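*Asks:* See my_file.cif below, with mmCIF, C-alpha atoms, pLDDT in the B column; chains and numbers go by the auth columns.
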data_coords
loop_
_atom_site.group_PDB
_atom_site.id
_atom_site.type_symbol
_atom_site.label_atom_id
_atom_site.label_comp_id
_atom_site.label_asym_id
_atom_site.label_seq_id
_atom_site.Cartn_x
_atom_site.Cartn_y
_atom_site.Cartn_z
_atom_site.B_iso_or_equiv
_atom_site.auth_seq_id
_atom_site.auth_asym_id
ATOM 1 C CA GLU A 1 -11.169 -15.916 3.544 91.00 7 A
ATOM 2 C CA VAL A 2 -8.476 -13.256 3.305 93.00 8 A
ATOM 3 C CA GLN A 3 -9.373 -9.692 4.131 95.00 9 A
ATOM 4 C CA PHE A 4 -7.169 -6.597 4.279 97.00 10 A
ATOM 5 C CA VAL A 5 -7.790 -3.454 6.316 97.00 11 A
ATOM 6 C CA GLU A 6 -5.934 -0.256 5.549 98.00 12 A
ATOM 7 C CA SER A 7 -5.401 2.721 7.849 98.00 13 A
ATOM 8 C CA GLY A 8 -3.251 5.792 8.294 98.00 14 A
ATOM 9 C CA GLY A 9 -4.398 7.984 5.457 98.00 15 A
ATOM 10 C CA GLY A 10 -5.222 11.648 5.820 98.00 16 A
ATOM 11 C CA LEU A 11 -4.717 15.161 4.570 98.00 17 A
ATOM 12 C CA VAL A 12 -1.132 16.328 4.292 98.00 18 A
ATOM 13 C CA GLN A 13 0.642 19.261 2.688 98.00 19 A
ATOM 14 C CA ALA A 14 2.896 18.742 -0.288 98.00 20 A
ATOM 15 C CA GLY A 15 6.311 17.658 0.893 98.00 21 A
ATOM 16 C CA GLY A 16 4.899 15.970 3.963 98.00 22 A
ATOM 17 C CA SER A 17 4.859 12.346 5.061 98.00 23 A
ATOM 18 C CA LEU A 18 2.355 9.676 6.001 98.00 24 A
ATOM 19 C CA ARG A 19 2.660 6.093 7.141 98.00 25 A
ATOM 20 C CA LEU A 20 -0.001 3.644 6.035 98.00 26 A
ATOM 21 C CA SER A 21 -0.702 0.388 7.841 98.00 27 A
ATOM 22 C CA CYS A 22 -2.251 -2.828 6.590 98.00 28 A
ATOM 23 C CA ALA A 23 -3.698 -5.579 8.741 97.00 29 A
ATOM 24 C CA ALA A 24 -4.799 -8.893 7.306 95.00 30 A
ATOM 25 C CA SER A 25 -7.114 -11.609 8.503 94.00 31 A
ATOM 26 C CA GLY A 26 -6.721 -15.126 7.210 94.00 32 A
ATOM 27 C CA PHE A 27 -3.254 -14.300 5.937 94.00 33 A
ATOM 28 C CA THR A 28 0.209 -13.497 7.200 95.00 34 A
ATOM 29 C CA PHE A 29 2.792 -11.639 5.197 96.00 35 A
ATOM 30 C CA ASP A 30 5.182 -14.584 5.133 95.00 36 A
ATOM 31 C CA GLU A 31 2.760 -16.616 3.007 95.00 37 A
ATOM 32 C CA ALA A 32 2.848 -14.684 -0.250 96.00 38 A
ATOM 33 C CA ALA A 33 3.962 -11.410 -1.761 97.00 39 A
ATOM 34 C CA ALA A 34 1.838 -8.430 -0.825 98.00 40 A
ATOM 35 C CA GLY A 35 1.840 -4.769 -1.531 98.00 41 A
ATOM 36 C CA TRP A 36 0.129 -1.454 -1.927 98.00 42 A
ATOM 37 C CA PHE A 37 -2.084 -0.214 -4.713 98.00 43 A
ATOM 38 C CA ARG A 38 -3.785 3.122 -5.276 98.00 44 A
ATOM 39 C CA GLN A 39 -6.617 4.552 -7.293 98.00 45 A
ATOM 40 C CA ALA A 40 -6.849 8.225 -8.069 97.00 46 A
ATOM 41 C CA PRO A 41 -10.120 9.854 -9.161 93.00 47 A
ATOM 42 C CA GLY A 42 -10.902 8.980 -12.752 95.00 48 A
ATOM 43 C CA LYS A 43 -7.977 6.596 -13.045 97.00 49 A
ATOM 44 C CA GLU A 44 -7.506 2.856 -12.879 97.00 50 A
ATOM 45 C CA ARG A 45 -6.045 1.178 -9.832 97.00 51 A
ATOM 46 C CA GLU A 46 -2.275 0.876 -10.070 97.00 52 A
ATOM 47 C CA GLY A 47 0.423 -0.985 -8.192 98.00 53 A
ATOM 48 C CA VAL A 48 2.634 1.143 -5.980 98.00 54 A
ATOM 49 C CA ALA A 49 4.937 -1.232 -4.106 98.00 55 A
ATOM 50 C CA CYS A 50 5.310 -4.940 -3.390 98.00 56 A
ATOM 51 C CA ILE A 51 7.346 -6.957 -0.924 98.00 57 A
ATOM 52 C CA SER A 52 8.370 -10.574 -1.286 97.00 58 A
ATOM 53 C CA SER A 53 7.344 -13.052 1.391 96.00 59 A
ATOM 54 C CA SER A 54 10.514 -15.108 0.977 93.00 60 A
ATOM 55 C CA ASP A 55 13.440 -12.701 0.987 93.00 61 A
ATOM 56 C CA GLY A 56 11.902 -9.302 1.619 93.00 62 A
ATOM 57 C CA SER A 57 12.879 -7.977 -1.767 97.00 63 A
ATOM 58 C CA THR A 58 10.850 -4.989 -2.857 98.00 64 A
ATOM 59 C CA TYR A 59 9.423 -3.449 -5.997 98.00 65 A
ATOM 60 C CA TYR A 60 8.380 0.147 -6.479 98.00 66 A
ATOM 61 C CA ALA A 61 6.543 1.895 -9.258 98.00 67 A
ATOM 62 C CA ASP A 62 8.716 4.453 -10.992 97.00 68 A
ATOM 63 C CA GLY A 63 6.767 7.403 -9.656 96.00 69 A
ATOM 64 C CA VAL A 64 7.384 6.528 -6.007 98.00 70 A
ATOM 65 C CA LYS A 65 10.942 5.184 -6.055 98.00 71 A
ATOM 66 C CA GLY A 66 13.105 6.920 -3.513 98.00 72 A
ATOM 67 C CA ARG A 67 10.093 8.400 -1.711 98.00 73 A
ATOM 68 C CA PHE A 68 8.054 5.392 -0.534 98.00 74 A
ATOM 69 C CA THR A 69 9.230 2.437 1.545 98.00 75 A
ATOM 70 C CA ILE A 70 7.298 -0.799 2.008 98.00 76 A
ATOM 71 C CA SER A 71 7.932 -3.006 5.014 98.00 77 A
ATOM 72 C CA THR A 72 6.439 -5.616 7.300 97.00 78 A
ATOM 73 C CA ASP A 73 6.792 -6.157 11.023 96.00 79 A
ATOM 74 C CA LYS A 74 8.867 -9.019 12.408 94.00 80 A
ATOM 75 C CA ALA A 75 5.779 -11.068 13.201 94.00 81 A
ATOM 76 C CA LYS A 76 4.615 -10.689 9.583 94.00 82 A
ATOM 77 C CA THR A 77 1.181 -9.622 10.728 95.00 83 A
ATOM 78 C CA MET A 78 1.346 -5.999 9.578 97.00 84 A
ATOM 79 C CA MET A 79 2.537 -4.252 6.440 98.00 85 A
ATOM 80 C CA TYR A 80 3.426 -0.594 6.154 98.00 86 A
ATOM 81 C CA LEU A 81 4.005 2.049 3.523 98.00 87 A
ATOM 82 C CA GLN A 82 6.122 5.014 4.574 98.00 88 A
ATOM 83 C CA MET A 83 5.438 7.845 2.178 98.00 89 A
ATOM 84 C CA ASN A 84 7.746 10.862 2.103 98.00 90 A
ATOM 85 C CA SER A 85 7.952 13.945 -0.098 98.00 91 A
ATOM 86 C CA LEU A 86 4.298 13.597 -1.002 98.00 92 A
ATOM 87 C CA ASN A 87 2.928 15.547 -3.923 98.00 93 A
ATOM 88 C CA ALA A 88 -0.505 16.146 -5.401 97.00 94 A
ATOM 89 C CA GLU A 89 -0.097 13.210 -7.798 97.00 95 A
ATOM 90 C CA ASP A 90 -0.019 10.880 -4.786 98.00 96 A
ATOM 91 C CA THR A 91 -3.609 11.793 -3.904 98.00 97 A
ATOM 92 C CA ALA A 92 -5.605 8.567 -4.121 98.00 98 A
ATOM 93 C CA VAL A 93 -7.306 5.829 -2.171 98.00 99 A
ATOM 94 C CA TYR A 94 -4.631 3.364 -1.095 98.00 100 A
ATOM 95 C CA TYR A 95 -5.289 -0.361 -0.789 98.00 101 A
ATOM 96 C CA CYS A 96 -3.251 -3.342 0.302 98.00 102 A
ATOM 97 C CA ASN A 97 -3.573 -6.795 -1.179 98.00 103 A
ATOM 98 C CA ASN A 98 -1.478 -9.614 -2.579 97.00 104 A
ATOM 99 C CA CYS A 99 0.911 -8.865 -5.391 96.00 105 A
ATOM 100 C CA PRO A 100 1.026 -8.595 -8.286 94.00 106 A
ATOM 101 C CA THR A 101 -2.626 -7.881 -8.982 92.00 107 A
ATOM 102 C CA GLY A 102 -4.508 -8.565 -5.761 92.00 108 A
ATOM 103 C CA ARG A 103 -7.058 -11.203 -4.813 91.00 109 A
ATOM 104 C CA ASP A 104 -10.392 -10.259 -6.366 91.00 110 A
ATOM 105 C CA ASP A 105 -12.394 -10.979 -3.231 92.00 111 A
ATOM 106 C CA SER A 106 -9.993 -9.416 -0.719 93.00 112 A
ATOM 107 C CA TRP A 107 -10.056 -5.715 -1.533 96.00 113 A
ATOM 108 C CA GLY A 108 -10.753 -3.595 1.517 95.00 114 A
ATOM 109 C CA ARG A 109 -12.208 -0.117 1.742 97.00 115 A
ATOM 110 C CA GLY A 110 -8.834 1.522 1.379 98.00 116 A
ATOM 111 C CA THR A 111 -7.542 4.636 3.073 98.00 117 A
ATOM 112 C CA GLN A 112 -7.752 8.098 1.527 98.00 118 A
ATOM 113 C CA VAL A 113 -4.575 10.088 1.070 98.00 119 A
ATOM 114 C CA THR A 114 -5.016 13.697 0.057 98.00 120 A
ATOM 115 C CA VAL A 115 -2.028 15.937 -0.627 98.00 121 A
ATOM 116 C CA SER A 116 -2.682 19.648 -0.723 97.00 122 A
ATOM 117 C CA SER A 117 -0.439 21.905 -2.744 89.00 123 A
#
Translate the structure described by the file into structure tokens.
*Replies:*
Amino acid sequence: EVQFVESGGGLVQAGGSLRLSCAASGFTFDEAAAGWFRQAPGKEREGVACISSSDGSTYYADGVKGRFTISTDKAKTMMYLQMNSLNAEDTAVYYCNNCPTGRDDSWGRGTQVTVSS
């Protein structure tokens, strides 16, 4: 069974930065593509960024390009999302899971990111 645990969220002022971390059990990040998703209040969950397990290529949603960076550690046991220049529209619960749409039974609790303006 694959489970993901997110951490690193918090309250930050607009223009600030946060770094999210993702740990997985039953899975390493060299097995399959993985990424970050977010769900804002009243909105559907959306994909934010993905990273390939084979060549490290990345994908970013248009709204975060140039501001967010997805990465994994060398051991492929952790995944990160560096978020810079945060704005109020980035306020959401952030989740990690496999790309492109996530395993249905592997969603964690997520980590709350709140950007104050």
*Asks:* So that I can see what lies close to Thr107 of chain A, please list as an NGL selection string the residues with an atom at most 8 Å from it, counting all atoms listed in the file and leaving out residues fewer than 3 positions away in the same chain.
*Replies:* :A and (53 or 103-104)
*Asks:* Apply the PyMOL selection byres ((chain A and resi 92) around 12) to the file shown and report the selected residues as number ranges by chain.
*Replies:* A: 16-25, 69-74, 88-91, 93-98, 119-123
*Asks:* Deliver the residues from the most recent selection as a file, using C-alpha atoms, as a PDB file, keeping the file's coordinate frame.
*Replies:*
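Resulting contents of out28.pdb:
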ATOM      1  CA  GLY A  16      -5.222  11.648   5.820  1.00 98.00           C
ATOM      2  CA  LEU A  17      -4.717  15.161   4.570  1.00 98.00           C
ATOM      3  CA  VAL A  18      -1.132  16.328   4.292  1.00 98.00           C
ATOM      4  CA  GLN A  19       0.642  19.261   2.688  1.00 98.00           C
ATOM      5  CA  ALA A  20       2.896  18.742  -0.288  1.00 98.00           C
ATOM      6  CA  GLY A  21       6.311  17.658   0.893  1.00 98.00           C
ATOM      7  CA  GLY A  22       4.899  15.970   3.963  1.00 98.00           C
ATOM      8  CA  SER A  23       4.859  12.346   5.061  1.00 98.00           C
ATOM      9  CA  LEU A  24       2.355   9.676   6.001  1.00 98.00           C
ATOM     10  CA  ARG A  25       2.660   6.093   7.141  1.00 98.00           C
ATOM     11  CA  GLY A  69       6.767   7.403  -9.656  1.00 96.00           C
ATOM     12  CA  VAL A  70       7.384   6.528  -6.007  1.00 98.00           C
ATOM     13  CA  LYS A  71      10.942   5.184  -6.055  1.00 98.00           C
ATOM     14  CA  GLY A  72      13.105   6.920  -3.513  1.00 98.00           C
ATOM     15  CA  ARG A  73      10.093   8.400  -1.711  1.00 98.00           C
ATOM     16  CA  PHE A  74       8.054   5.392  -0.534  1.00 98.00           C
ATOM     17  CA  GLN A  88       6.122   5.014   4.574  1.00 98.00           C
ATOM     18  CA  MET A  89       5.438   7.845   2.178  1.00 98.00           C
ATOM     19  CA  ASN A  90       7.746  10.862   2.103  1.00 98.00           C
ATOM     20  CA  SER A  91       7.952  13.945  -0.098  1.00 98.00           C
ATOM     21  CA  ASN A  93       2.928  15.547  -3.923  1.00 98.00           C
ATOM     22  CA  ALA A  94      -0.505  16.146  -5.401  1.00 97.00           C
ATOM     23  CA  GLU A  95      -0.097  13.210  -7.798  1.00 97.00           C
ATOM     24  CA  ASP A  96      -0.019  10.880  -4.786  1.00 98.00           C
ATOM     25  CA  THR A  97      -3.609  11.793  -3.904  1.00 98.00           C
ATOM     26  CA  ALA A  98      -5.605   8.567  -4.121  1.00 98.00           C
ATOM     27  CA  VAL A 119      -4.575  10.088   1.070  1.00 98.00           C
ATOM     28  CA  THR A 120      -5.016  13.697   0.057  1.00 98.00           C
ATOM     29  CA  VAL A 121      -2.028  15.937  -0.627  1.00 98.00           C
ATOM     30  CA  SER A 122      -2.682  19.648  -0.723  1.00 97.00           C
ATOM     31  CA  SER A 123      -0.439  21.905  -2.744  1.00 89.00           C
TER      32      SER A 123
END
*Asks:* Hey, which of A:Glu7, A:Asp61, A:Asp111, A:Asp68 ends up closest to Asp36 of chain A? Count all atoms listed in the file.
*Replies:*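 Among A:Glu7, A:Asp61, A:Asp111, A:Asp68, it is A:Asp61 that comes nearest to Asp36 of chain A.
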*Asks:* For a quick check of understanding, using only C-alpha atoms, which of A:Thr64, A:Ser112, A:Thr117, A:Thr83 has the smallest distance to Tyr100 of chain A?
*Replies:*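 With only C-alpha atoms as the atom set, the closest residue is A:Thr117.
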*Asks:* To one decimal place, how far is atom CA of Lys80 of chain A from atom CA of Gln9 of chain A in Å?
*Replies:* 20.0 Å
*Asks:* Quick one: residues within 12 Å of Gly116 of chain A, all atoms listed in the file counted, chain neighbours fewer than 2 positions away excluded, as a PyMOL selection string?
*Replies:* chain A and resi 9-16+26-29+42-46+51+98-103+112-114+118-119
*Asks:* Can I get segment 58-69 of chain A with all heavy atoms filled in, as a short mmCIF file (atom, residue, chain, number, x, y, z; two decimals), in the coordinates of the input?
*Replies:*
data_model
loop_
_atom_site.label_atom_id
_atom_site.label_comp_id
_atom_site.auth_asym_id
_atom_site.auth_seq_id
_atom_site.Cartn_x
_atom_site.Cartn_y
_atom_site.Cartn_z
N SER A 58 8.35 -9.12 -1.20
CA SER A 58 8.37 -10.57 -1.29
C SER A 58 8.19 -11.19 0.10
O SER A 58 8.67 -10.66 1.10
CB SER A 58 9.71 -11.02 -1.89
OG SER A 58 9.90 -12.40 -1.73
N SER A 59 7.52 -12.35 0.12
CA SER A 59 7.34 -13.05 1.39
C SER A 59 8.56 -13.89 1.73
O SER A 59 8.75 -14.30 2.87
CB SER A 59 6.11 -13.95 1.32
OG SER A 59 6.27 -14.89 0.28
N SER A 60 9.40 -14.18 0.75
CA SER A 60 10.51 -15.11 0.98
C SER A 60 11.79 -14.40 1.41
O SER A 60 12.41 -14.78 2.41
CB SER A 60 10.79 -15.92 -0.29
OG SER A 60 11.07 -15.06 -1.38
N ASP A 61 12.17 -13.35 0.68
CA ASP A 61 13.44 -12.70 0.99
C ASP A 61 13.31 -11.22 1.28
O ASP A 61 14.32 -10.53 1.46
CB ASP A 61 14.44 -12.92 -0.14
CG ASP A 61 13.99 -12.32 -1.46
OD1 ASP A 61 12.93 -11.65 -1.48
OD2 ASP A 61 14.68 -12.52 -2.48
N GLY A 62 12.09 -10.71 1.30
CA GLY A 62 11.90 -9.30 1.62
C GLY A 62 12.28 -8.35 0.51
O GLY A 62 12.30 -7.13 0.73
N SER A 63 12.55 -8.88 -0.67
CA SER A 63 12.88 -7.98 -1.77
C SER A 63 11.66 -7.13 -2.10
O SER A 63 10.52 -7.55 -1.88
CB SER A 63 13.35 -8.76 -2.99
OG SER A 63 12.37 -9.68 -3.41
N THR A 64 11.92 -5.95 -2.63
CA THR A 64 10.85 -4.99 -2.86
C THR A 64 10.81 -4.51 -4.30
O THR A 64 11.81 -4.57 -5.03
CB THR A 64 11.02 -3.77 -1.93
OG1 THR A 64 12.32 -3.20 -2.15
CG2 THR A 64 10.87 -4.17 -0.49
N TYR A 65 9.65 -4.05 -4.68
CA TYR A 65 9.42 -3.45 -6.00
C TYR A 65 8.68 -2.15 -5.78
O TYR A 65 7.78 -2.07 -4.96
CB TYR A 65 8.59 -4.38 -6.88
CG TYR A 65 7.88 -3.64 -7.98
CD1 TYR A 65 8.53 -3.34 -9.18
CD2 TYR A 65 6.57 -3.18 -7.81
CE1 TYR A 65 7.88 -2.63 -10.17
CE2 TYR A 65 5.93 -2.47 -8.80
CZ TYR A 65 6.59 -2.19 -9.98
OH TYR A 65 5.96 -1.48 -10.95
N TYR A 66 9.06 -1.14 -6.54
CA TYR A 66 8.38 0.15 -6.48
C TYR A 66 8.04 0.63 -7.87
O TYR A 66 8.83 0.49 -8.80
CB TYR A 66 9.25 1.19 -5.79
CG TYR A 66 9.54 0.87 -4.34
CD1 TYR A 66 10.72 0.23 -3.97
CD2 TYR A 66 8.63 1.21 -3.34
CE1 TYR A 66 10.99 -0.08 -2.65
CE2 TYR A 66 8.89 0.91 -2.01
CZ TYR A 66 10.07 0.26 -1.68
OH TYR A 66 10.32 -0.05 -0.37
N ALA A 67 6.88 1.23 -8.01
CA ALA A 67 6.54 1.90 -9.26
C ALA A 67 7.49 3.07 -9.45
O ALA A 67 7.96 3.68 -8.48
CB ALA A 67 5.10 2.37 -9.21
N ASP A 68 7.74 3.40 -10.69
CA ASP A 68 8.72 4.45 -10.99
C ASP A 68 8.40 5.77 -10.30
O ASP A 68 9.29 6.47 -9.82
CB ASP A 68 8.79 4.68 -12.51
CG ASP A 68 9.51 3.56 -13.23
OD1 ASP A 68 10.21 2.78 -12.56
OD2 ASP A 68 9.36 3.46 -14.46
N GLY A 69 7.15 6.11 -10.20
CA GLY A 69 6.77 7.40 -9.66
C GLY A 69 6.96 7.55 -8.16
O GLY A 69 6.87 8.66 -7.63
#
